[in-house]
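One file, start18.pdb, carrying PDB, C-alpha atoms:
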```pdb
ATOM      1  CA  MET A 630     137.305  78.710  24.039
ATOM      2  CA  TYR A 631     139.692  75.910  25.060
ATOM      3  CA  VAL A 632     142.137  75.999  27.937
ATOM      4  CA  VAL A 633     145.212  73.767  28.108
ATOM      5  CA  GLN A 634     147.827  73.590  30.784
ATOM      6  CA  VAL A 635     151.450  72.763  29.954
ATOM      7  CA  VAL A 636     153.658  71.637  32.822
ATOM      8  CA  GLY A 637     157.163  70.271  33.137
ATOM      9  CA  TYR A 638     160.213  70.791  35.282
ATOM     10  CA  LYS A 639     162.829  73.370  34.331
ATOM     11  CA  ASN A 640     164.637  72.541  31.070
ATOM     12  CA  SER A 641     161.943  70.147  29.920
ATOM     13  CA  GLY A 642     161.457  72.334  26.839
ATOM     14  CA  LYS A 643     158.213  74.149  27.734
ATOM     15  CA  THR A 644     159.139  77.429  26.054
ATOM     16  CA  SER A 645     160.147  75.849  22.784
ATOM     17  CA  PHE A 646     157.153  73.482  22.788
ATOM     18  CA  ILE A 647     154.723  76.338  23.399
ATOM     19  CA  SER A 648     156.354  78.586  20.807
ATOM     20  CA  GLN A 649     156.069  75.872  18.164
ATOM     21  CA  TRP A 650     152.495  75.239  19.183
ATOM     22  CA  ILE A 651     151.566  78.908  18.889
ATOM     23  CA  GLU A 652     152.956  78.955  15.351
ATOM     24  CA  TYR A 653     151.070  75.778  14.495
ATOM     25  CA  LEU A 654     147.804  77.197  15.843
ATOM     26  CA  ARG A 655     148.346  80.525  14.140
ATOM     27  CA  ARG A 656     148.758  78.769  10.793
ATOM     28  CA  LYS A 657     145.302  77.296  11.420
ATOM     29  CA  ASP A 658     143.915  80.761  12.217
ATOM     30  CA  TYR A 659     143.218  80.133  15.874
ATOM     31  CA  GLN A 660     143.370  83.191  18.167
ATOM     32  CA  VAL A 661     145.795  82.146  20.884
ATOM     33  CA  ALA A 662     146.550  83.602  24.315
ATOM     34  CA  THR A 663     149.123  82.458  26.854
ATOM     35  CA  ILE A 664     149.367  82.775  30.615
ATOM     36  CA  LYS A 665     152.620  82.103  32.375
ATOM     37  CA  HIS A 666     153.573  82.102  36.002
ATOM     38  CA  HIS A 667     156.750  84.059  36.573
ATOM     39  CA  GLY A 668     159.029  81.583  38.311
ATOM     40  CA  HIS A 669     160.854  81.968  41.629
ATOM     41  CA  GLY A 670     158.639  84.719  43.051
ATOM     42  CA  GLY A 671     159.432  88.256  41.985
ATOM     43  CA  GLU A 672     157.709  90.317  39.350
ATOM     44  CA  PRO A 673     157.469  90.199  35.553
ATOM     45  CA  GLU A 674     160.385  91.956  33.880
ATOM     46  CA  GLN A 675     159.453  95.368  32.639
ATOM     47  CA  VAL A 676     160.827  98.746  31.760
ATOM     48  CA  GLN A 677     160.422 100.786  34.930
ATOM     49  CA  GLU A 678     161.320 104.256  33.661
ATOM     50  CA  THR A 679     157.972 104.733  31.937
ATOM     51  CA  ASP A 680     155.081 107.021  32.888
ATOM     52  CA  SER A 681     152.874 104.003  32.933
ATOM     53  CA  TYR A 682     155.019 102.254  35.482
ATOM     54  CA  GLN A 683     155.140 105.461  37.494
ATOM     55  CA  HIS A 684     151.316 105.527  37.577
ATOM     56  CA  PHE A 685     151.332 101.987  38.844
ATOM     57  CA  ASP A 686     153.931 102.856  41.418
ATOM     58  CA  ARG A 687     151.814 105.729  42.726
ATOM     59  CA  GLY A 688     148.931 103.397  43.412
ATOM     60  CA  ALA A 689     147.020 102.798  40.176
ATOM     61  CA  LYS A 690     145.614  99.254  40.167
ATOM     62  CA  LEU A 691     145.966  98.980  36.428
ATOM     63  CA  THR A 692     147.824 100.941  33.786
ATOM     64  CA  THR A 693     147.620 100.510  30.039
ATOM     65  CA  VAL A 694     149.912 101.901  27.376
ATOM     66  CA  ILE A 695     148.583 101.754  23.838
ATOM     67  CA  GLY A 696     151.095 101.727  20.999
ATOM     68  CA  GLU A 697     150.712 101.428  17.262
ATOM     69  CA  ASN A 698     150.020  97.681  17.205
ATOM     70  CA  GLN A 699     150.557  96.587  20.769
ATOM     71  CA  LEU A 700     149.090  97.280  24.108
ATOM     72  CA  LEU A 701     150.731  96.746  27.468
ATOM     73  CA  ILE A 702     148.774  96.367  30.699
ATOM     74  CA  THR A 703     150.419  96.351  34.131
ATOM     75  CA  ALA A 704     148.034  95.319  36.877
ATOM     76  CA  ASP A 705     147.781  94.634  40.552
ATOM     77  CA  LYS A 706     147.483  90.884  40.797
ATOM     78  CA  LYS A 707     144.803  91.171  43.485
ATOM     79  CA  LYS A 708     142.405  92.393  40.788
ATOM     80  CA  PHE A 709     142.817  89.186  38.774
ATOM     81  CA  SER A 710     142.060  85.651  39.585
ATOM     82  CA  LEU A 711     142.868  83.142  36.869
ATOM     83  CA  GLU A 712     139.123  82.910  36.302
ATOM     84  CA  THR A 713     138.771  86.684  35.801
ATOM     85  CA  LEU A 714     141.525  86.534  33.202
ATOM     86  CA  LEU A 715     139.955  83.612  31.368
ATOM     87  CA  LEU A 716     136.516  85.221  31.338
ATOM     88  CA  PHE A 717     138.117  88.317  29.888
ATOM     89  CA  TYR A 718     139.905  86.301  27.194
ATOM     90  CA  GLN A 719     136.646  84.629  26.339
ATOM     91  CA  SER A 720     134.921  87.999  26.020
ATOM     92  CA  ILE A 721     137.428  89.106  23.354
ATOM     93  CA  ASP A 722     137.058  85.900  21.324
ATOM     94  CA  ILE A 723     140.254  84.095  22.131
ATOM     95  CA  ASP A 724     140.016  80.502  20.867
ATOM     96  CA  ILE A 725     142.767  78.802  22.821
ATOM     97  CA  VAL A 726     144.526  79.653  26.077
ATOM     98  CA  ILE A 727     147.795  77.937  26.905
ATOM     99  CA  ILE A 728     148.655  78.116  30.594
ATOM    100  CA  GLU A 729     152.301  77.439  31.414
ATOM    101  CA  GLY A 730     153.022  76.288  34.925
ATOM    102  CA  TYR A 731     150.655  76.258  37.927
ATOM    103  CA  LYS A 732     151.418  72.575  38.472
ATOM    104  CA  GLN A 733     149.068  72.443  41.453
ATOM    105  CA  LEU A 734     146.002  73.123  39.265
ATOM    106  CA  ALA A 735     143.927  70.187  38.077
ATOM    107  CA  LEU A 736     143.226  71.602  34.619
ATOM    108  CA  PRO A 737     143.557  69.127  31.732
ATOM    109  CA  LYS A 738     147.224  69.179  30.869
ATOM    110  CA  ILE A 739     150.135  68.226  28.675
ATOM    111  CA  VAL A 740     153.208  67.070  30.579
ATOM    112  CA  LEU A 741     156.741  67.519  29.283
ATOM    113  CA  LEU A 742     159.301  65.082  30.643
ATOM    114  CA  GLN A 743     162.840  66.199  31.285
ATOM    115  CA  ASP A 744     164.354  62.742  31.181
ATOM    116  CA  GLU A 745     163.579  59.179  32.144
ATOM    117  CA  MET A 746     164.073  59.880  35.830
ATOM    118  CA  ASP A 747     161.453  62.626  35.771
ATOM    119  CA  THR A 748     158.953  62.241  38.611
ATOM    120  CA  ILE A 749     156.543  64.999  37.623
ATOM    121  CA  LEU A 750     153.802  62.560  36.604
ATOM    122  CA  GLU A 751     153.490  61.507  40.233
ATOM    123  CA  THR A 752     152.740  65.071  41.302
ATOM    124  CA  VAL A 753     150.148  66.354  38.829
ATOM    125  CA  GLU A 754     146.511  65.632  38.048
ATOM    126  CA  ASN A 755     144.386  65.418  34.926
ATOM    127  CA  VAL A 756     147.155  64.581  32.440
ATOM    128  CA  LYS A 757     145.864  64.260  28.884
ATOM    129  CA  TYR A 758     149.114  63.816  26.940
ATOM    130  CA  VAL A 759     152.741  63.283  27.713
ATOM    131  CA  TYR A 760     155.095  64.900  25.236
ATOM    132  CA  LYS A 761     158.238  63.067  24.339
ATOM    133  CA  GLU A 762     159.600  63.877  20.922
ATOM    134  CA  ASN A 763     157.153  64.692  18.150
ATOM    135  CA  PRO A 764     155.393  67.999  18.806
ATOM    136  CA  GLU A 765     153.225  67.935  15.668
ATOM    137  CA  TYR A 766     151.878  64.547  16.707
ATOM    138  CA  ILE A 767     150.753  65.980  20.030
ATOM    139  CA  PHE A 768     149.358  69.138  18.406
ATOM    140  CA  ASN A 769     147.247  67.004  16.076
ATOM    141  CA  LYS A 770     146.066  64.779  18.897
ATOM    142  CA  ILE A 771     144.973  67.759  20.970
ATOM    143  CA  GLU A 772     143.242  69.322  18.006
ATOM    144  CA  ALA A 773     141.253  66.155  17.472
ATOM    145  CA  ASN A 774     140.195  66.276  21.119
ATOM    146  CA  TRP A 775     139.555  69.937  21.867
ATOM    147  CA  HIS A 776     136.321  69.018  23.586
ATOM    148  CA  ASP A 777     138.357  67.730  26.555
ATOM    149  CA  PHE A 778     139.635  71.273  27.084
ATOM    150  CA  ALA A 779     136.417  73.289  26.751
ATOM    151  CA  PHE A 780     136.387  76.251  29.142
ATOM    152  CA  GLU A 781     132.827  75.566  30.246
ATOM    153  CA  LYS A 782     133.884  72.088  31.272
ATOM    154  CA  ILE A 783     137.189  72.895  32.968
ATOM    155  CA  LYS A 784     135.955  75.911  34.960
ATOM    156  CA  THR A 785     135.304  73.629  37.902
ATOM    157  CA  PHE A 786     139.056  72.991  38.244
ATOM    158  CA  LEU A 787     139.919  76.654  38.780
TER     159      LEU A 787
ATOM    160  CA  MET B 278     132.884 103.906  37.182
ATOM    161  CA  TYR B 279     134.033 107.348  36.068
ATOM    162  CA  VAL B 280     136.188 108.138  33.050
ATOM    163  CA  VAL B 281     138.214 111.336  32.744
ATOM    164  CA  GLN B 282     140.427 112.456  29.920
ATOM    165  CA  VAL B 283     143.550 114.546  30.568
ATOM    166  CA  VAL B 284     145.035 116.397  27.595
ATOM    167  CA  GLY B 285     147.777 118.959  27.100
ATOM    168  CA  TYR B 286     150.679 119.539  24.780
ATOM    169  CA  LYS B 287     154.110 118.102  25.535
ATOM    170  CA  ASN B 288     155.673 119.587  28.699
ATOM    171  CA  SER B 289     152.354 120.834  30.055
ATOM    172  CA  GLY B 290     152.877 118.636  33.111
ATOM    173  CA  LYS B 291     150.454 115.773  32.389
ATOM    174  CA  THR B 292     152.609 113.081  33.947
ATOM    175  CA  SER B 293     153.152 114.946  37.199
ATOM    176  CA  PHE B 294     149.504 116.050  37.403
ATOM    177  CA  ILE B 295     148.258 112.506  36.883
ATOM    178  CA  SER B 296     150.756 111.043  39.358
ATOM    179  CA  GLN B 297     149.631 113.478  42.046
ATOM    180  CA  TRP B 298     146.010 112.746  41.228
ATOM    181  CA  ILE B 299     146.520 108.990  41.533
ATOM    182  CA  GLU B 300     148.029 109.501  44.988
ATOM    183  CA  TYR B 301     145.154 111.771  45.983
ATOM    184  CA  LEU B 302     142.575 109.226  44.801
ATOM    185  CA  ARG B 303     144.368 106.350  46.433
ATOM    186  CA  ARG B 304     144.301 108.153  49.773
ATOM    187  CA  LYS B 305     140.529 108.242  49.348
ATOM    188  CA  ASP B 306     140.469 104.517  48.584
ATOM    189  CA  TYR B 307     139.375 104.818  44.986
ATOM    190  CA  GLN B 308     140.503 102.021  42.661
ATOM    191  CA  VAL B 309     142.234 103.845  39.822
ATOM    192  CA  ALA B 310     143.265 102.739  36.342
ATOM    193  CA  THR B 311     145.110 104.719  33.680
ATOM    194  CA  ILE B 312     145.233 104.460  29.896
ATOM    195  CA  LYS B 313     147.898 106.271  27.955
ATOM    196  CA  HIS B 314     148.571 106.579  24.285
ATOM    197  CA  HIS B 315     152.209 105.929  23.521
ATOM    198  CA  GLY B 316     153.321 109.061  21.677
ATOM    199  CA  HIS B 317     154.940 109.317  18.255
ATOM    200  CA  GLY B 318     153.850 105.929  16.926
ATOM    201  CA  GLY B 319     155.954 102.943  17.917
ATOM    202  CA  GLU B 320     155.239 100.407  20.611
ATOM    203  CA  PRO B 321     155.185 100.462  24.421
ATOM    204  CA  GLU B 322     158.619  99.933  25.893
ATOM    205  CA  GLN B 323     159.098  96.431  27.173
ATOM    206  CA  VAL B 324     161.649  93.797  27.922
ATOM    207  CA  GLN B 325     161.835  91.707  24.754
ATOM    208  CA  GLU B 326     164.012  88.832  25.922
ATOM    209  CA  THR B 327     161.194  87.179  27.844
ATOM    210  CA  ASP B 328     159.298  83.977  27.040
ATOM    211  CA  SER B 329     156.136  85.978  27.159
ATOM    212  CA  TYR B 330     157.327  88.382  24.515
ATOM    213  CA  GLN B 331     158.500  85.411  22.463
ATOM    214  CA  HIS B 332     154.973  83.922  22.595
ATOM    215  CA  PHE B 333     153.611  87.228  21.378
ATOM    216  CA  ASP B 334     156.199  87.339  18.636
ATOM    217  CA  ARG B 335     155.215  83.876  17.432
ATOM    218  CA  GLY B 336     151.657  85.014  16.952
ATOM    219  CA  ALA B 337     149.836  84.873  20.280
ATOM    220  CA  LYS B 338     147.243  87.650  20.400
ATOM    221  CA  LEU B 339     147.691  88.077  24.125
ATOM    222  CA  THR B 340     150.270  86.964  26.636
ATOM    223  CA  THR B 341     150.120  87.331  30.378
ATOM    224  CA  VAL B 342     152.916  86.905  32.901
ATOM    225  CA  ILE B 343     151.821  86.597  36.501
ATOM    226  CA  GLY B 344     154.295  87.576  39.200
ATOM    227  CA  GLU B 345     154.059  87.757  42.958
ATOM    228  CA  ASN B 346     152.069  90.999  43.080
ATOM    229  CA  GLN B 347     151.945  92.160  39.519
ATOM    230  CA  LEU B 348     150.626  90.932  36.266
ATOM    231  CA  LEU B 349     151.790  92.001  32.820
ATOM    232  CA  ILE B 350     149.650  91.604  29.701
ATOM    233  CA  THR B 351     150.971  92.180  26.182
ATOM    234  CA  ALA B 352     148.230  92.242  23.582
ATOM    235  CA  ASP B 353     147.536  92.756  19.931
ATOM    236  CA  LYS B 354     145.863  96.134  19.747
ATOM    237  CA  LYS B 355     143.328  94.844  17.215
ATOM    238  CA  LYS B 356     141.717  92.847  20.023
ATOM    239  CA  PHE B 357     141.052  96.008  22.053
ATOM    240  CA  SER B 358     139.003  99.029  21.325
ATOM    241  CA  LEU B 359     138.988 101.687  24.034
ATOM    242  CA  GLU B 360     135.452 100.537  24.803
ATOM    243  CA  THR B 361     136.539  96.902  25.268
ATOM    244  CA  LEU B 362     139.186  98.082  27.706
ATOM    245  CA  LEU B 363     136.763 100.228  29.665
ATOM    246  CA  LEU B 364     134.156  97.473  29.865
ATOM    247  CA  PHE B 365     136.856  95.202  31.180
ATOM    248  CA  TYR B 366     137.922  97.766  33.805
ATOM    249  CA  GLN B 367     134.324  98.128  34.857
ATOM    250  CA  SER B 368     133.985  94.369  35.232
ATOM    251  CA  ILE B 369     136.867  94.272  37.729
ATOM    252  CA  ASP B 370     135.469  97.136  39.820
ATOM    253  CA  ILE B 371     137.736  99.983  38.855
ATOM    254  CA  ASP B 372     136.256 103.269  40.190
ATOM    255  CA  ILE B 373     138.086 105.834  38.087
ATOM    256  CA  VAL B 374     139.846 105.636  34.735
ATOM    257  CA  ILE B 375     142.213 108.437  33.753
ATOM    258  CA  ILE B 376     142.868 108.544  30.012
ATOM    259  CA  GLU B 377     145.964 110.501  29.003
ATOM    260  CA  GLY B 378     146.014 111.812  25.464
ATOM    261  CA  TYR B 379     143.657 110.922  22.589
ATOM    262  CA  LYS B 380     142.984 114.633  22.042
ATOM    263  CA  GLN B 381     140.572 113.883  19.211
ATOM    264  CA  LEU B 382     138.117 112.134  21.555
ATOM    265  CA  ALA B 383     135.191 114.122  22.906
ATOM    266  CA  LEU B 384     135.238 112.573  26.377
ATOM    267  CA  PRO B 385     134.784 115.029  29.269
ATOM    268  CA  LYS B 386     138.264 116.321  29.924
ATOM    269  CA  ILE B 387     140.743 118.299  31.967
ATOM    270  CA  VAL B 388     143.054 120.499  29.909
ATOM    271  CA  LEU B 389     146.588 121.384  30.990
ATOM    272  CA  LEU B 390     148.008 124.551  29.502
ATOM    273  CA  GLN B 391     151.678 124.793  28.670
ATOM    274  CA  ASP B 392     151.823 128.599  28.759
ATOM    275  CA  GLU B 393     149.708 131.600  27.874
ATOM    276  CA  MET B 394     150.221 131.122  24.155
ATOM    277  CA  ASP B 395     148.811 127.609  24.329
ATOM    278  CA  THR B 396     146.183 127.020  21.624
ATOM    279  CA  ILE B 397     145.015 123.582  22.718
ATOM    280  CA  LEU B 398     141.625 124.843  23.915
ATOM    281  CA  GLU B 399     140.736 125.679  20.315
ATOM    282  CA  THR B 400     141.299 122.090  19.252
ATOM    283  CA  VAL B 401     139.506 119.952  21.846
ATOM    284  CA  GLU B 402     135.894 119.308  22.830
ATOM    285  CA  ASN B 403     134.044 118.743  26.078
ATOM    286  CA  VAL B 404     136.436 120.570  28.422
ATOM    287  CA  LYS B 405     135.316 120.435  32.049
ATOM    288  CA  TYR B 406     138.273 122.052  33.808
ATOM    289  CA  VAL B 407     141.420 123.871  32.848
ATOM    290  CA  TYR B 408     144.313 123.232  35.176
ATOM    291  CA  LYS B 409     146.629 126.114  35.910
ATOM    292  CA  GLU B 410     148.365 125.912  39.262
ATOM    293  CA  ASN B 411     146.521 124.283  42.133
ATOM    294  CA  PRO B 412     146.072 120.556  41.533
ATOM    295  CA  GLU B 413     144.223 119.836  44.812
ATOM    296  CA  TYR B 414     141.663 122.477  43.881
ATOM    297  CA  ILE B 415     140.953 120.697  40.595
ATOM    298  CA  PHE B 416     140.919 117.266  42.266
ATOM    299  CA  ASN B 417     138.293 118.510  44.732
ATOM    300  CA  LYS B 418     136.222 120.116  41.998
ATOM    301  CA  ILE B 419     136.199 116.918  39.954
ATOM    302  CA  GLU B 420     135.321 114.862  42.988
ATOM    303  CA  ALA B 421     132.329 117.096  43.664
ATOM    304  CA  ASN B 422     131.210 116.540  40.083
ATOM    305  CA  TRP B 423     131.907 112.903  39.351
ATOM    306  CA  HIS B 424     128.450 112.537  37.801
ATOM    307  CA  ASP B 425     129.733 114.456  34.726
ATOM    308  CA  PHE B 426     132.178 111.636  34.112
ATOM    309  CA  ALA B 427     129.952 108.595  34.580
ATOM    310  CA  PHE B 428     130.870 105.797  32.181
ATOM    311  CA  GLU B 429     127.244 105.113  31.280
ATOM    312  CA  LYS B 430     126.903 108.714  30.221
ATOM    313  CA  ILE B 431     130.167 109.188  28.335
ATOM    314  CA  LYS B 432     130.031 105.884  26.398
ATOM    315  CA  THR B 433     128.426 107.756  23.504
ATOM    316  CA  PHE B 434     131.664 109.722  22.975
ATOM    317  CA  LEU B 435     133.780 106.635  22.369
TER     318      LEU B 435
END
```
Translate the structure of the given file into structure tokens.
Amino acid sequence: MYVVQVVGYKNSGKTSFISQWIEYLRRKDYQVATIKHHGHGGEPEQVQETDSYQHFDRGAKLTTVIGENQLLITADKKKFSLETLLLFYQSIDIDIVIIEGYKQLALPKIVLLQDEMDTILETVENVKYVYKENPEYIFNKIEANWHDFAFEKIKTFL
Amino acid sequence: MYVVQVVGYKNSGKTSFISQWIEYLRRKDYQVATIKHHGHGGEPEQVQETDSYQHFDRGAKLTTVIGENQLLITADKKKFSLETLLLFYQSIDIDIVIIEGYKQLALPKIVLLQDEMDTILETVENVKYVYKENPEYIFNKIEANWHDFAFEKIKTFL
């Protein structure tokens, strides 16, 4: 399993970059997972009028709703470190995990620049690639260098 | 870890019974998780205008959004058997898993009756308790007999 961090200030194009990358990786049959920090504090948006949410509200640490093709888990964050999550992903044979945000982490990362005045490079560690304009070029580069992102190797940065 | 199944036809009071039970178990400091089958086909209700949902839509097998206290995972059901889920719950030290629905499973179960004409008991296996009116009585009974619901023992029914 490989783990890549994608960071960039607001409006640097993270969402679009990651969406394109997921499609690219899916075409190559990789099993992809993403982890995103919900900005500005607060909680992930969810439908609160469900039984599942009610269970959570009453004190369940974890609730899961299983649908026809999808499954939704709501969990108490205290049960999950980033490492717990990644170990879990590894156990279900995910090939690539894209982590959006968590700028303070020293995981190997791709940086997206907002403009020429962008100072983010001064604030983050372990930058592997800086994305400017050609996403496919970056995707290919990363693919040729997956070994830099091996979970076993990057664990120490968690 | 203990795993209990709760079954009953529509309007038999499953949601309220389980909510009360979660509160009861939380007061006793158990770490509780729930798993629920979303009825009538279809998918779990969720907010679809999120980046996370967009990642899933583009082909990610799993997306996680991490908030201040909560974490939301959307996953492709093919990645998760019930056993995978339970093993995962066990790995993060959940004490009790309440499974709502999945009538066809032979896990040890509590049955909720809708009325006196209810025929559900003829259709399900491995019934441990039938709930009629006093939830605390059932909660106490189950607590005195957790060993019947031990994950190691019930795995064979999955």
Please build the interface table for chain B against chain A with a cut-off of 7 Å, listing for each qualifying residue the nearest atom pair and the distance in Å to one decimal; count only C-alpha atoms, order rows by chain and increasing number, and write it as JSON lines.
```
{"residue": "B:Thr292", "atom": "CA", "partner": "A:Asp680", "partner_atom": "CA", "distance": 6.6}
{"residue": "B:Ser296", "atom": "CA", "partner": "A:His684", "partner_atom": "CA", "distance": 5.8}
{"residue": "B:Ile299", "atom": "CA", "partner": "A:Arg687", "partner_atom": "CA", "distance": 6.3}
{"residue": "B:Glu300", "atom": "CA", "partner": "A:Arg687", "partner_atom": "CA", "distance": 5.8}
{"residue": "B:Arg303", "atom": "CA", "partner": "A:Gly688", "partner_atom": "CA", "distance": 6.2}
{"residue": "B:Gln308", "atom": "CA", "partner": "A:Lys690", "partner_atom": "CA", "distance": 6.3}
{"residue": "B:Val309", "atom": "CA", "partner": "A:Ala689", "partner_atom": "CA", "distance": 4.9}
{"residue": "B:Ala310", "atom": "CA", "partner": "A:Leu691", "partner_atom": "CA", "distance": 4.6}
{"residue": "B:Thr311", "atom": "CA", "partner": "A:Thr692", "partner_atom": "CA", "distance": 4.7}
{"residue": "B:Ile312", "atom": "CA", "partner": "A:Thr693", "partner_atom": "CA", "distance": 4.6}
{"residue": "B:Lys313", "atom": "CA", "partner": "A:Val694", "partner_atom": "CA", "distance": 4.8}
{"residue": "B:His314", "atom": "CA", "partner": "A:Ile695", "partner_atom": "CA", "distance": 4.8}
{"residue": "B:His315", "atom": "CA", "partner": "A:Gly696", "partner_atom": "CA", "distance": 5.0}
{"residue": "B:Gly318", "atom": "CA", "partner": "A:Glu697", "partner_atom": "CA", "distance": 5.5}
{"residue": "B:Gly319", "atom": "CA", "partner": "A:Glu697", "partner_atom": "CA", "distance": 5.5}
{"residue": "B:Glu320", "atom": "CA", "partner": "A:Gly696", "partner_atom": "CA", "distance": 4.4}
{"residue": "B:Pro321", "atom": "CA", "partner": "A:Gly696", "partner_atom": "CA", "distance": 5.5}
{"residue": "B:Glu322", "atom": "CA", "partner": "A:Val676", "partner_atom": "CA", "distance": 6.4}
{"residue": "B:Gln323", "atom": "CA", "partner": "A:Val676", "partner_atom": "CA", "distance": 5.4}
{"residue": "B:Val324", "atom": "CA", "partner": "A:Gln675", "partner_atom": "CA", "distance": 5.4}
{"residue": "B:Asp328", "atom": "CA", "partner": "A:Thr644", "partner_atom": "CA", "distance": 6.6}
{"residue": "B:His332", "atom": "CA", "partner": "A:Ser648", "partner_atom": "CA", "distance": 5.8}
{"residue": "B:Arg335", "atom": "CA", "partner": "A:Glu652", "partner_atom": "CA", "distance": 5.8}
{"residue": "B:Gly336", "atom": "CA", "partner": "A:Arg655", "partner_atom": "CA", "distance": 6.2}
{"residue": "B:Ala337", "atom": "CA", "partner": "A:Val661", "partner_atom": "CA", "distance": 4.9}
{"residue": "B:Lys338", "atom": "CA", "partner": "A:Ala662", "partner_atom": "CA", "distance": 5.7}
{"residue": "B:Leu339", "atom": "CA", "partner": "A:Ala662", "partner_atom": "CA", "distance": 4.6}
{"residue": "B:Thr340", "atom": "CA", "partner": "A:Thr663", "partner_atom": "CA", "distance": 4.7}
{"residue": "B:Thr341", "atom": "CA", "partner": "A:Ile664", "partner_atom": "CA", "distance": 4.6}
{"residue": "B:Val342", "atom": "CA", "partner": "A:Lys665", "partner_atom": "CA", "distance": 4.8}
{"residue": "B:Ile343", "atom": "CA", "partner": "A:His666", "partner_atom": "CA", "distance": 4.9}
{"residue": "B:Gly344", "atom": "CA", "partner": "A:Glu672", "partner_atom": "CA", "distance": 4.4}
{"residue": "B:Glu345", "atom": "CA", "partner": "A:Gly671", "partner_atom": "CA", "distance": 5.5}
{"residue": "B:Asn346", "atom": "CA", "partner": "A:Lys706", "partner_atom": "CA", "distance": 5.1}
{"residue": "B:Gln347", "atom": "CA", "partner": "A:Lys706", "partner_atom": "CA", "distance": 4.8}
{"residue": "B:Leu348", "atom": "CA", "partner": "A:Ala704", "partner_atom": "CA", "distance": 5.1}
{"residue": "B:Leu349", "atom": "CA", "partner": "A:Thr703", "partner_atom": "CA", "distance": 4.7}
{"residue": "B:Ile350", "atom": "CA", "partner": "A:Ile702", "partner_atom": "CA", "distance": 4.9}
{"residue": "B:Thr351", "atom": "CA", "partner": "A:Leu701", "partner_atom": "CA", "distance": 4.7}
{"residue": "B:Ala352", "atom": "CA", "partner": "A:Leu700", "partner_atom": "CA", "distance": 5.1}
{"residue": "B:Asp353", "atom": "CA", "partner": "A:Gln699", "partner_atom": "CA", "distance": 5.0}
{"residue": "B:Lys354", "atom": "CA", "partner": "A:Gln699", "partner_atom": "CA", "distance": 4.8}
{"residue": "B:Lys356", "atom": "CA", "partner": "A:Ile721", "partner_atom": "CA", "distance": 6.6}
{"residue": "B:Ile369", "atom": "CA", "partner": "A:Lys708", "partner_atom": "CA", "distance": 6.6}
```
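Residue nearest Val404 in chain B within the list B:Tyr330, B:Tyr286, B:Tyr279, B:Phe426: B:Phe426 [criterion: smallest interatomic distance, all atoms listed in the file].
Proximity of A:Leu787, A:Ala735, A:Ile771, A:Leu750 to Leu715 in chain A, computed with all atoms listed in the file, is greatest for A:Leu787.
Taking CA of Glu772 in chain A and CA of Asn755 in chain A as endpoints, the distance between them is 17.4 Å.
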Please compute the CA of Tyr379 in chain B-CA of Asp425 in chain B distance, one decimal, in Å. 18.8 Å
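The interatomic distance for the pair CA of Glu754 in chain A and CA of Val635 in chain A works out to 11.9 Å.
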Residue members of the PyMOL selection byres ((chain A and resi 637) around 9) in the file shown, as an mmCIF file with C-alpha atoms, in the frame of the given file:
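Here's the written file part13.cif:
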```
data_model
loop_
_atom_site.group_PDB
_atom_site.id
_atom_site.type_symbol
_atom_site.label_atom_id
_atom_site.label_comp_id
_atom_site.auth_asym_id
_atom_site.auth_seq_id
_atom_site.Cartn_x
_atom_site.Cartn_y
_atom_site.Cartn_z
ATOM 1 C CA VAL A 635 151.450 72.763 29.954
ATOM 2 C CA VAL A 636 153.658 71.637 32.822
ATOM 3 C CA TYR A 638 160.213 70.791 35.282
ATOM 4 C CA LYS A 639 162.829 73.370 34.331
ATOM 5 C CA ASN A 640 164.637 72.541 31.070
ATOM 6 C CA SER A 641 161.943 70.147 29.920
ATOM 7 C CA GLY A 642 161.457 72.334 26.839
ATOM 8 C CA LYS A 643 158.213 74.149 27.734
ATOM 9 C CA GLU A 729 152.301 77.439 31.414
ATOM 10 C CA GLY A 730 153.022 76.288 34.925
ATOM 11 C CA LYS A 732 151.418 72.575 38.472
ATOM 12 C CA ILE A 739 150.135 68.226 28.675
ATOM 13 C CA VAL A 740 153.208 67.070 30.579
ATOM 14 C CA LEU A 741 156.741 67.519 29.283
ATOM 15 C CA LEU A 742 159.301 65.082 30.643
ATOM 16 C CA GLN A 743 162.840 66.199 31.285
ATOM 17 C CA ILE A 749 156.543 64.999 37.623
#
```
Box for range 278-296 of chain B: with edges along x, y and z, all listed atoms inside and 8 Å added on each side, what are the centre and edge lengths in Å to one decimal, as AutoDock Vina command-line options?
```
--center_x 144.3 --center_y 112.4 --center_z 32.1 --size_x 38.8 --size_y 32.9 --size_z 30.6
```
Counting all atoms listed in the file, figure out which residue out of A:Phe786, A:Tyr766, A:Trp775, A:Tyr760 gets nearest to Asp744 in chain A. A:Tyr760
